[in-house]
>>> print(open('upload.txt').read())   # compact mmCIF, C-alpha atoms and all ligand atoms
# COMPACT_ATOMS: atom_id res chain seq x y z
CA MET A 159 -20.46 -76.62 -54.33
CA THR A 160 -19.75 -80.35 -53.81
CA MET A 161 -18.01 -82.32 -56.53
CA LYS A 162 -19.68 -85.62 -57.40
CA SER A 163 -17.19 -88.53 -57.73
CA PRO A 164 -16.95 -89.80 -61.29
CA SER A 165 -18.86 -92.92 -62.19
CA ARG A 166 -17.03 -96.01 -63.56
CA ARG A 167 -18.36 -95.11 -67.00
CA GLU A 168 -16.95 -91.57 -66.74
CA VAL A 169 -13.55 -92.89 -65.57
CA LEU A 170 -13.47 -95.36 -68.47
CA LEU A 171 -14.42 -92.65 -70.96
CA ALA A 172 -11.74 -90.31 -69.59
CA SER A 173 -9.06 -92.99 -69.88
CA LEU A 174 -10.10 -93.71 -73.47
CA LEU A 175 -9.86 -90.02 -74.33
CA LEU A 176 -6.54 -89.53 -72.57
CA PRO A 177 -4.21 -90.57 -75.41
CA LEU A 178 -5.98 -88.15 -77.75
CA ASN A 179 -5.82 -85.28 -75.27
CA ALA A 180 -2.21 -86.04 -74.41
CA SER A 181 -1.09 -85.90 -78.03
CA THR A 182 -3.06 -82.73 -78.66
CA LEU A 183 -1.66 -81.03 -75.57
CA ALA A 184 1.85 -82.20 -76.42
CA THR A 185 2.08 -79.61 -79.18
CA PRO A 186 4.88 -77.41 -77.90
CA SER A 187 5.23 -73.71 -78.46
CA GLY A 188 8.85 -73.87 -79.55
CA THR A 189 10.88 -76.18 -77.38
CA GLY A 190 9.92 -79.60 -78.78
CA LYS A 191 12.53 -82.06 -79.92
CA THR A 192 11.00 -82.38 -83.34
CA LEU A 193 10.80 -79.56 -85.83
CA VAL A 194 8.68 -79.41 -88.96
CA ALA A 195 10.17 -76.81 -91.29
CA TYR A 196 8.52 -76.26 -94.64
CA PHE A 197 8.27 -74.00 -97.65
CA SER A 198 5.06 -73.85 -99.62
CA ARG A 199 3.86 -71.46 -102.32
CA THR A 200 0.37 -72.75 -103.03
CA GLY A 201 -0.35 -74.72 -99.88
CA ASN A 202 0.11 -78.34 -100.99
CA THR A 203 3.20 -78.91 -98.84
CA ARG A 204 1.66 -76.92 -95.99
CA VAL A 205 -1.10 -79.54 -95.62
CA LEU A 206 1.52 -82.26 -95.10
CA ALA A 207 3.51 -80.06 -92.71
CA CYS A 208 0.49 -79.32 -90.53
CA GLN A 209 -0.42 -83.00 -90.37
CA ILE A 210 3.10 -84.00 -89.26
CA HIS A 211 3.07 -81.12 -86.76
CA ARG A 212 -0.17 -82.33 -85.21
CA ALA A 213 0.65 -86.05 -85.28
CA ARG A 214 4.10 -85.63 -83.72
CA GLY A 215 3.42 -82.66 -81.45
CA ALA A 216 6.26 -80.93 -83.28
CA THR A 217 7.14 -77.28 -83.64
CA LEU A 218 6.04 -75.81 -86.96
CA PHE A 219 8.28 -73.37 -88.84
CA GLU A 220 7.46 -71.83 -92.20
CA ILE A 221 10.52 -71.16 -94.33
CA GLN A 222 10.09 -67.91 -96.23
CA PRO A 223 12.41 -65.73 -98.28
CA ALA A 224 12.93 -62.19 -96.98
CA VAL A 225 11.70 -60.93 -100.35
CA PRO A 226 8.60 -62.89 -101.41
CA TYR A 227 8.46 -64.49 -104.84
CA PRO A 228 6.23 -62.72 -107.40
CA GLU A 229 2.53 -63.40 -107.27
CA ASP A 230 2.67 -64.22 -110.98
CA TYR A 231 3.35 -67.90 -111.62
CA GLU A 232 5.44 -67.53 -114.80
CA GLU A 233 7.59 -64.82 -113.20
CA THR A 234 8.21 -67.14 -110.27
CA VAL A 235 9.17 -70.01 -112.56
CA ALA A 236 11.63 -67.74 -114.41
CA GLN A 237 13.14 -66.37 -111.18
CA ALA A 238 13.43 -69.85 -109.65
CA ARG A 239 15.21 -71.07 -112.78
CA ARG A 240 17.71 -68.18 -112.66
CA GLU A 241 18.35 -68.77 -108.96
CA ARG A 242 18.80 -72.49 -109.47
CA ASP A 243 21.23 -72.03 -112.34
CA SER A 244 23.34 -69.44 -110.51
CA GLY A 245 23.24 -71.30 -107.17
CA TYR A 246 21.75 -68.18 -105.52
CA GLU A 247 20.58 -68.62 -101.94
CA PRO A 248 17.93 -66.02 -101.07
CA THR A 249 18.05 -64.42 -97.62
CA LEU A 250 15.57 -65.99 -95.22
CA GLN A 251 12.83 -63.94 -93.58
CA ALA A 252 13.68 -65.66 -90.27
CA ARG A 253 15.87 -68.42 -88.88
CA VAL A 254 14.83 -71.12 -86.41
CA VAL A 255 15.48 -70.02 -82.85
CA GLY A 256 17.17 -72.70 -80.72
CA MET A 257 17.89 -75.16 -83.52
CA ALA A 258 20.27 -76.97 -81.14
CA ASP A 259 17.23 -78.20 -79.14
CA TYR A 260 15.91 -80.26 -82.04
CA ALA A 261 17.05 -83.82 -82.68
CA THR A 262 14.74 -84.43 -85.64
CA VAL A 263 13.89 -82.09 -88.49
CA PHE A 264 11.11 -82.89 -90.94
CA LEU A 265 11.83 -80.75 -93.99
CA GLY A 266 9.07 -80.12 -96.52
CA PHE A 267 9.10 -78.35 -99.87
CA PRO A 268 7.71 -78.50 -103.42
CA ILE A 269 9.92 -79.46 -106.35
CA TRP A 270 10.89 -76.38 -108.33
CA GLY A 271 12.66 -76.83 -111.66
CA GLN A 272 13.45 -80.50 -110.98
CA THR A 273 15.12 -79.76 -107.65
CA ALA A 274 14.69 -78.22 -104.20
CA PRO A 275 13.68 -74.52 -104.24
CA PRO A 276 16.55 -72.05 -103.70
CA VAL A 277 15.17 -71.06 -100.29
CA ILE A 278 15.66 -74.65 -99.09
CA ARG A 279 19.36 -74.40 -99.88
CA SER A 280 19.36 -71.15 -97.88
CA PHE A 281 17.68 -72.90 -94.97
CA LEU A 282 20.20 -75.74 -94.95
CA SER A 283 23.18 -73.39 -95.30
CA SER A 284 22.09 -71.13 -92.46
CA HIS A 285 21.35 -73.77 -89.80
CA ASP A 286 23.66 -76.28 -88.20
CA LEU A 287 22.02 -79.67 -88.75
CA ALA A 288 25.04 -81.76 -87.75
CA GLY A 289 23.97 -84.97 -86.00
CA LYS A 290 20.26 -84.31 -86.53
CA THR A 291 17.91 -86.69 -88.30
CA LEU A 292 16.61 -85.02 -91.45
CA ILE A 293 13.37 -86.39 -92.90
CA PRO A 294 12.22 -84.89 -96.20
CA PHE A 295 8.61 -84.66 -97.33
CA ILE A 296 8.20 -83.39 -100.84
CA THR A 297 5.36 -82.54 -103.21
CA HIS A 298 5.73 -82.31 -106.97
CA GLY A 299 3.56 -81.80 -110.01
CA GLY A 300 4.14 -85.24 -111.50
CA TYR A 301 7.77 -85.17 -112.58
CA GLY A 302 9.31 -86.69 -109.46
CA LEU A 303 12.03 -85.60 -107.07
CA GLY A 304 14.74 -84.65 -109.58
CA SER A 305 18.00 -83.79 -107.83
CA SER A 306 16.37 -82.60 -104.61
CA LEU A 307 17.65 -85.39 -102.34
CA ALA A 308 21.20 -84.94 -103.64
CA VAL A 309 20.87 -81.22 -102.88
CA LEU A 310 19.84 -81.99 -99.29
CA ALA A 311 22.77 -84.39 -98.86
CA ALA A 312 25.21 -81.80 -100.24
CA HIS A 313 23.90 -78.91 -98.14
CA ALA A 314 23.50 -80.80 -94.88
CA PRO A 315 26.38 -83.29 -95.10
CA GLN A 316 26.53 -83.89 -91.37
CA ALA A 317 22.83 -84.58 -90.95
CA ARG A 318 21.48 -88.13 -90.97
CA LEU A 319 19.29 -87.99 -94.05
CA LEU A 320 16.54 -90.61 -93.76
CA ALA A 321 15.85 -92.54 -96.95
CA THR A 322 12.18 -92.91 -96.01
CA GLU A 323 11.21 -89.56 -97.47
CA LEU A 324 7.60 -88.91 -98.38
CA SER A 325 7.05 -87.93 -101.99
CA MET A 326 3.61 -86.97 -103.24
CA GLU A 327 2.20 -85.77 -106.50
CA ALA A 328 -0.03 -82.74 -105.93
CA ASP A 329 -1.89 -80.10 -107.93
CA GLN A 330 0.17 -77.94 -110.23
CA GLU A 331 -0.45 -74.20 -110.12
CA ARG A 332 -0.02 -74.06 -113.90
CA GLN A 333 -2.89 -76.51 -114.49
CA THR A 334 -5.12 -74.76 -111.97
CA LEU A 335 -4.48 -71.39 -113.61
CA ASN A 336 -5.16 -72.77 -117.10
CA ARG A 337 -8.38 -74.37 -115.90
CA VAL A 338 -9.63 -71.13 -114.34
CA THR A 339 -8.61 -69.07 -117.38
CA GLU A 340 -10.45 -71.43 -119.70
CA TRP A 341 -13.51 -71.40 -117.43
CA LEU A 342 -13.52 -67.58 -117.20
CA GLN A 343 -13.68 -67.41 -121.01
CA ARG A 344 -17.07 -69.12 -120.77
CA VAL A 345 -18.35 -66.84 -118.00
CA PRO A 346 -19.90 -63.63 -119.36
CA LEU A 347 -18.31 -60.35 -118.27
CA THR A 348 -21.68 -58.87 -117.39
CA GLN A 349 -24.86 -60.58 -116.26
C1 LIG A 401 8.40 -72.34 -109.74
C2 LIG A 401 7.80 -73.72 -109.82
C3 LIG A 401 8.52 -74.75 -110.42
C4 LIG A 401 7.99 -76.06 -110.45
N1 LIG A 401 8.74 -77.04 -111.00
C5 LIG A 401 8.28 -78.32 -110.97
C6 LIG A 401 9.07 -79.39 -111.48
O1 LIG A 401 10.19 -79.21 -111.95
N2 LIG A 401 8.56 -80.66 -111.42
C7 LIG A 401 7.32 -80.92 -110.87
O2 LIG A 401 6.91 -82.09 -110.83
N3 LIG A 401 6.55 -79.92 -110.37
C8 LIG A 401 7.00 -78.64 -110.40
N4 LIG A 401 6.23 -77.63 -109.86
C9 LIG A 401 4.94 -77.97 -109.25
C10 LIG A 401 5.04 -78.08 -107.73
O3 LIG A 401 6.15 -78.84 -107.32
C11 LIG A 401 3.79 -78.72 -107.12
O4 LIG A 401 2.63 -78.09 -107.60
C12 LIG A 401 3.84 -78.64 -105.61
O5 LIG A 401 2.92 -79.54 -105.04
C13 LIG A 401 3.54 -77.24 -105.09
O6 LIG A 401 3.63 -77.25 -103.70
P1 LIG A 401 3.14 -76.03 -102.78
O7 LIG A 401 1.65 -75.89 -103.00
O8 LIG A 401 3.47 -76.46 -101.40
O9 LIG A 401 3.87 -74.79 -103.21
C14 LIG A 401 6.72 -76.31 -109.86
C15 LIG A 401 5.99 -75.27 -109.28
C16 LIG A 401 6.52 -73.98 -109.26
C17 LIG A 401 5.74 -72.86 -108.63
>>> encode(input="upload.txt", output="structure tokens", more="lines below")
Ligand SMILES: Cc1cc2nc3c(=O)[nH]c(=O)nc-3n(C[C@H](O)[C@H](O)[C@H](O)COP(=O)(O)O)c2cc1C
Amino acid sequence: MTMKSPSRREVLLASLLLPLNASTLATPSGTGKTLVAYFSRTGNTRVLACQIHRARGATLFEIQPAVPYPEDYEETVAQARRERDSGYEPTLQARVVGMADYATVFLGFPIWGQTAPPVIRSFLSSHDLAGKTLIPFITHGGYGLGSSLAVLAAHAPQARLLATELSMEADQERQTLNRVTEWLQRVPLTQ
């Protein structure tokens, strides 16, 4: 089979598409210089994390506790409050392999009880972030960042914490649950 040489139009089209392909293909499987580490219970922060991951061709790492939080929202709120007040740092399900390879760490989480979730303190305590640039991205239900940035500074004192953090108000699980509960009261049990 003979290969036809590309026309000028095809060459032009290919060069226009190249930047897009290059950034898509740049997504590494674990050796990139930029890491996006995030914790997310209901998915709001995950959307941000995936966008940063795609835009920067960065490695994506989901921070998870070894023992998952309860499915029930109120139980989770109560547990998170106890863990915050006692300074408890839950064991992580996994640590980042080869953290030394990363120069930049985007760190994403929701605000829990006016601060960073306990598992974020665990993450910071169990990885050496000295000399790395730490860039927070945070979602909250409307009450702001609380003490979360101070917690990051205290738990990663040798990281270069960028002041250009992203902070976004996002849906609250409590409101979503109330809305569904109220709606279900209007939906008949049987047809
Ligand atoms: C246990 C718990 C505690 C929360 N505490 C706060 C809070 O103190 N202030 C606030 O604005 N939002 C609070 N929220 C709402 C979340 O920060 C917000 O919905 C966030 O976008 C959830 O992100 P996620 O979907 O990535 O888990 C809390 C949510 C949970 C589950």
>>> axis_aligned_box(input="upload.txt", around="region 270-278 of chain A", padding_each_side="8 Å", output="JSON")
{"center_x": 13.7, "center_y": -75.8, "center_z": -105.4, "size_x": 21.7, "size_y": 25.4, "size_z": 28.6}
>>> closest_residue(input="upload.txt", among="A:Gly289, A:Pro346, A:Gly256, A:Pro275", to="ligand LIG 401 (chain A)", atoms="only C-alpha atoms and all ligand atoms")
A:Pro275
>>> residues_near_ligand(input="upload.txt", ligand="ligand LIG 401 (chain A)", cutoff="7 Å", atoms="only C-alpha atoms and all ligand atoms", output="JSON, numbers by chain")
{"A": [197, 198, 199, 200, 201, 202, 203, 204, 231, 234, 235, 238, 267, 268, 269, 270, 271, 272, 273, 297, 298, 299, 300, 301, 302, 327, 328, 329, 330, 331]}
>>> write_last_selection(input="upload.txt", atoms="C-alpha atoms", output="PDB file, in the frame of the given file")
ATOM      1  CA  PHE A 197       8.270 -74.000 -97.650  1.00  0.00           C
ATOM      2  CA  SER A 198       5.060 -73.850 -99.620  1.00  0.00           C
ATOM      3  CA  ARG A 199       3.860 -71.460-102.320  1.00  0.00           C
ATOM      4  CA  THR A 200       0.370 -72.750-103.030  1.00  0.00           C
ATOM      5  CA  GLY A 201      -0.350 -74.720 -99.880  1.00  0.00           C
ATOM      6  CA  ASN A 202       0.110 -78.340-100.990  1.00  0.00           C
ATOM      7  CA  THR A 203       3.200 -78.910 -98.840  1.00  0.00           C
ATOM      8  CA  ARG A 204       1.660 -76.920 -95.990  1.00  0.00           C
ATOM      9  CA  TYR A 231       3.350 -67.900-111.620  1.00  0.00           C
ATOM     10  CA  THR A 234       8.210 -67.140-110.270  1.00  0.00           C
ATOM     11  CA  VAL A 235       9.170 -70.010-112.560  1.00  0.00           C
ATOM     12  CA  ALA A 238      13.430 -69.850-109.650  1.00  0.00           C
ATOM     13  CA  PHE A 267       9.100 -78.350 -99.870  1.00  0.00           C
ATOM     14  CA  PRO A 268       7.710 -78.500-103.420  1.00  0.00           C
ATOM     15  CA  ILE A 269       9.920 -79.460-106.350  1.00  0.00           C
ATOM     16  CA  TRP A 270      10.890 -76.380-108.330  1.00  0.00           C
ATOM     17  CA  GLY A 271      12.660 -76.830-111.660  1.00  0.00           C
ATOM     18  CA  GLN A 272      13.450 -80.500-110.980  1.00  0.00           C
ATOM     19  CA  THR A 273      15.120 -79.760-107.650  1.00  0.00           C
ATOM     20  CA  THR A 297       5.360 -82.540-103.210  1.00  0.00           C
ATOM     21  CA  HIS A 298       5.730 -82.310-106.970  1.00  0.00           C
ATOM     22  CA  GLY A 299       3.560 -81.800-110.010  1.00  0.00           C
ATOM     23  CA  GLY A 300       4.140 -85.240-111.500  1.00  0.00           C
ATOM     24  CA  TYR A 301       7.770 -85.170-112.580  1.00  0.00           C
ATOM     25  CA  GLY A 302       9.310 -86.690-109.460  1.00  0.00           C
ATOM     26  CA  GLU A 327       2.200 -85.770-106.500  1.00  0.00           C
ATOM     27  CA  ALA A 328      -0.030 -82.740-105.930  1.00  0.00           C
ATOM     28  CA  ASP A 329      -1.890 -80.100-107.930  1.00  0.00           C
ATOM     29  CA  GLN A 330       0.170 -77.940-110.230  1.00  0.00           C
ATOM     30  CA  GLU A 331      -0.450 -74.200-110.120  1.00  0.00           C
TER      31      GLU A 331
END
>>> closest_atom_pairs(input="upload.txt", of="region 244-281 of chain A", to="region 312-321 of chain A", cutoff="12 Å", atoms="only C-alpha atoms", output="Markdown table")
| residue | atom | partner | partner_atom | distance |
| --- | --- | --- | --- | --- |
| A:Gly245 | CA | A:His313 | CA | 11.8 |
| A:Glu247 | CA | A:His313 | CA | 11.5 |
| A:Ala261 | CA | A:Ala317 | CA | 10.1 |
| A:Thr262 | CA | A:Arg318 | CA | 9.4 |
| A:Val263 | CA | A:Ala317 | CA | 9.6 |
| A:Phe264 | CA | A:Leu320 | CA | 9.9 |
| A:Leu265 | CA | A:Leu319 | CA | 10.4 |
| A:Ala274 | CA | A:His313 | CA | 11.0 |
| A:Pro276 | CA | A:His313 | CA | 11.5 |
| A:Val277 | CA | A:His313 | CA | 11.9 |
| A:Ile278 | CA | A:His313 | CA | 9.3 |
| A:Arg279 | CA | A:His313 | CA | 6.6 |
| A:Ser280 | CA | A:His313 | CA | 9.0 |
| A:Phe281 | CA | A:His313 | CA | 9.2 |
>>> atom_distance(input="upload.txt", atom1="CA of Ala207 (chain A)", atom2="CA of Ile293 (chain A)")
11.7 Å
>>> closest_residue(input="upload.txt", among="A:Ala308, A:Val205, A:Leu250, A:Ile210", to="Pro226 (chain A)", atoms="only C-alpha atoms")
A:Leu250
>>> atom_distance(input="upload.txt", atom1="CA of Arg337 (chain A)", atom2="CA of Ala236 (chain A)")
21.1 Å
>>> closest_residue(input="upload.txt", among="A:Ala311, A:Ala288, A:Ala258, A:Leu218", to="Val194 (chain A)", atoms="all atoms listed in the file")
A:Leu218
>>> atom_distance(input="upload.txt", atom1="CA of Ala216 (chain A)", atom2="CA of Thr192 (chain A)")
5.0 Å
>>> decode(input="upload.txt", residues="region 229-258 of chain A", atoms="C-alpha atoms", output="mmCIF file, in the first residue's frame")
data_model
loop_
_atom_site.group_PDB
_atom_site.id
_atom_site.type_symbol
_atom_site.label_atom_id
_atom_site.label_comp_id
_atom_site.auth_asym_id
_atom_site.auth_seq_id
_atom_site.Cartn_x
_atom_site.Cartn_y
_atom_site.Cartn_z
ATOM 1 C CA GLU A 229 -22.328 6.688 54.436
ATOM 2 C CA ASP A 230 -24.654 8.651 56.708
ATOM 3 C CA TYR A 231 -24.052 12.395 56.507
ATOM 4 C CA GLU A 232 -24.835 13.273 60.150
ATOM 5 C CA GLU A 233 -22.619 10.435 61.412
ATOM 6 C CA THR A 234 -19.799 11.763 59.253
ATOM 7 C CA VAL A 235 -20.265 15.293 60.573
ATOM 8 C CA ALA A 236 -20.144 13.995 64.162
ATOM 9 C CA GLN A 237 -17.065 11.836 63.526
ATOM 10 C CA ALA A 238 -15.269 14.659 61.696
ATOM 11 C CA ARG A 239 -15.980 16.991 64.620
ATOM 12 C CA ARG A 240 -14.576 14.488 67.153
ATOM 13 C CA GLU A 241 -11.474 13.936 65.012
ATOM 14 C CA ARG A 242 -10.938 17.655 64.559
ATOM 15 C CA ASP A 243 -11.279 18.383 68.265
ATOM 16 C CA SER A 244 -8.918 15.580 69.315
ATOM 17 C CA GLY A 245 -6.394 16.266 66.517
ATOM 18 C CA TYR A 246 -6.793 12.651 65.325
ATOM 19 C CA GLU A 247 -5.074 11.805 62.050
ATOM 20 C CA PRO A 248 -6.753 8.804 60.393
ATOM 21 C CA THR A 249 -4.535 6.221 58.708
ATOM 22 C CA LEU A 250 -4.388 6.679 54.947
ATOM 23 C CA GLN A 251 -5.503 3.942 52.571
ATOM 24 C CA ALA A 252 -2.358 4.607 50.504
ATOM 25 C CA ARG A 253 0.570 6.993 50.317
ATOM 26 C CA VAL A 254 1.958 8.650 47.179
ATOM 27 C CA VAL A 255 4.712 6.557 45.646
ATOM 28 C CA GLY A 256 7.787 8.583 44.649
ATOM 29 C CA MET A 257 6.738 11.858 46.248
ATOM 30 C CA ALA A 258 10.338 13.064 45.828
#
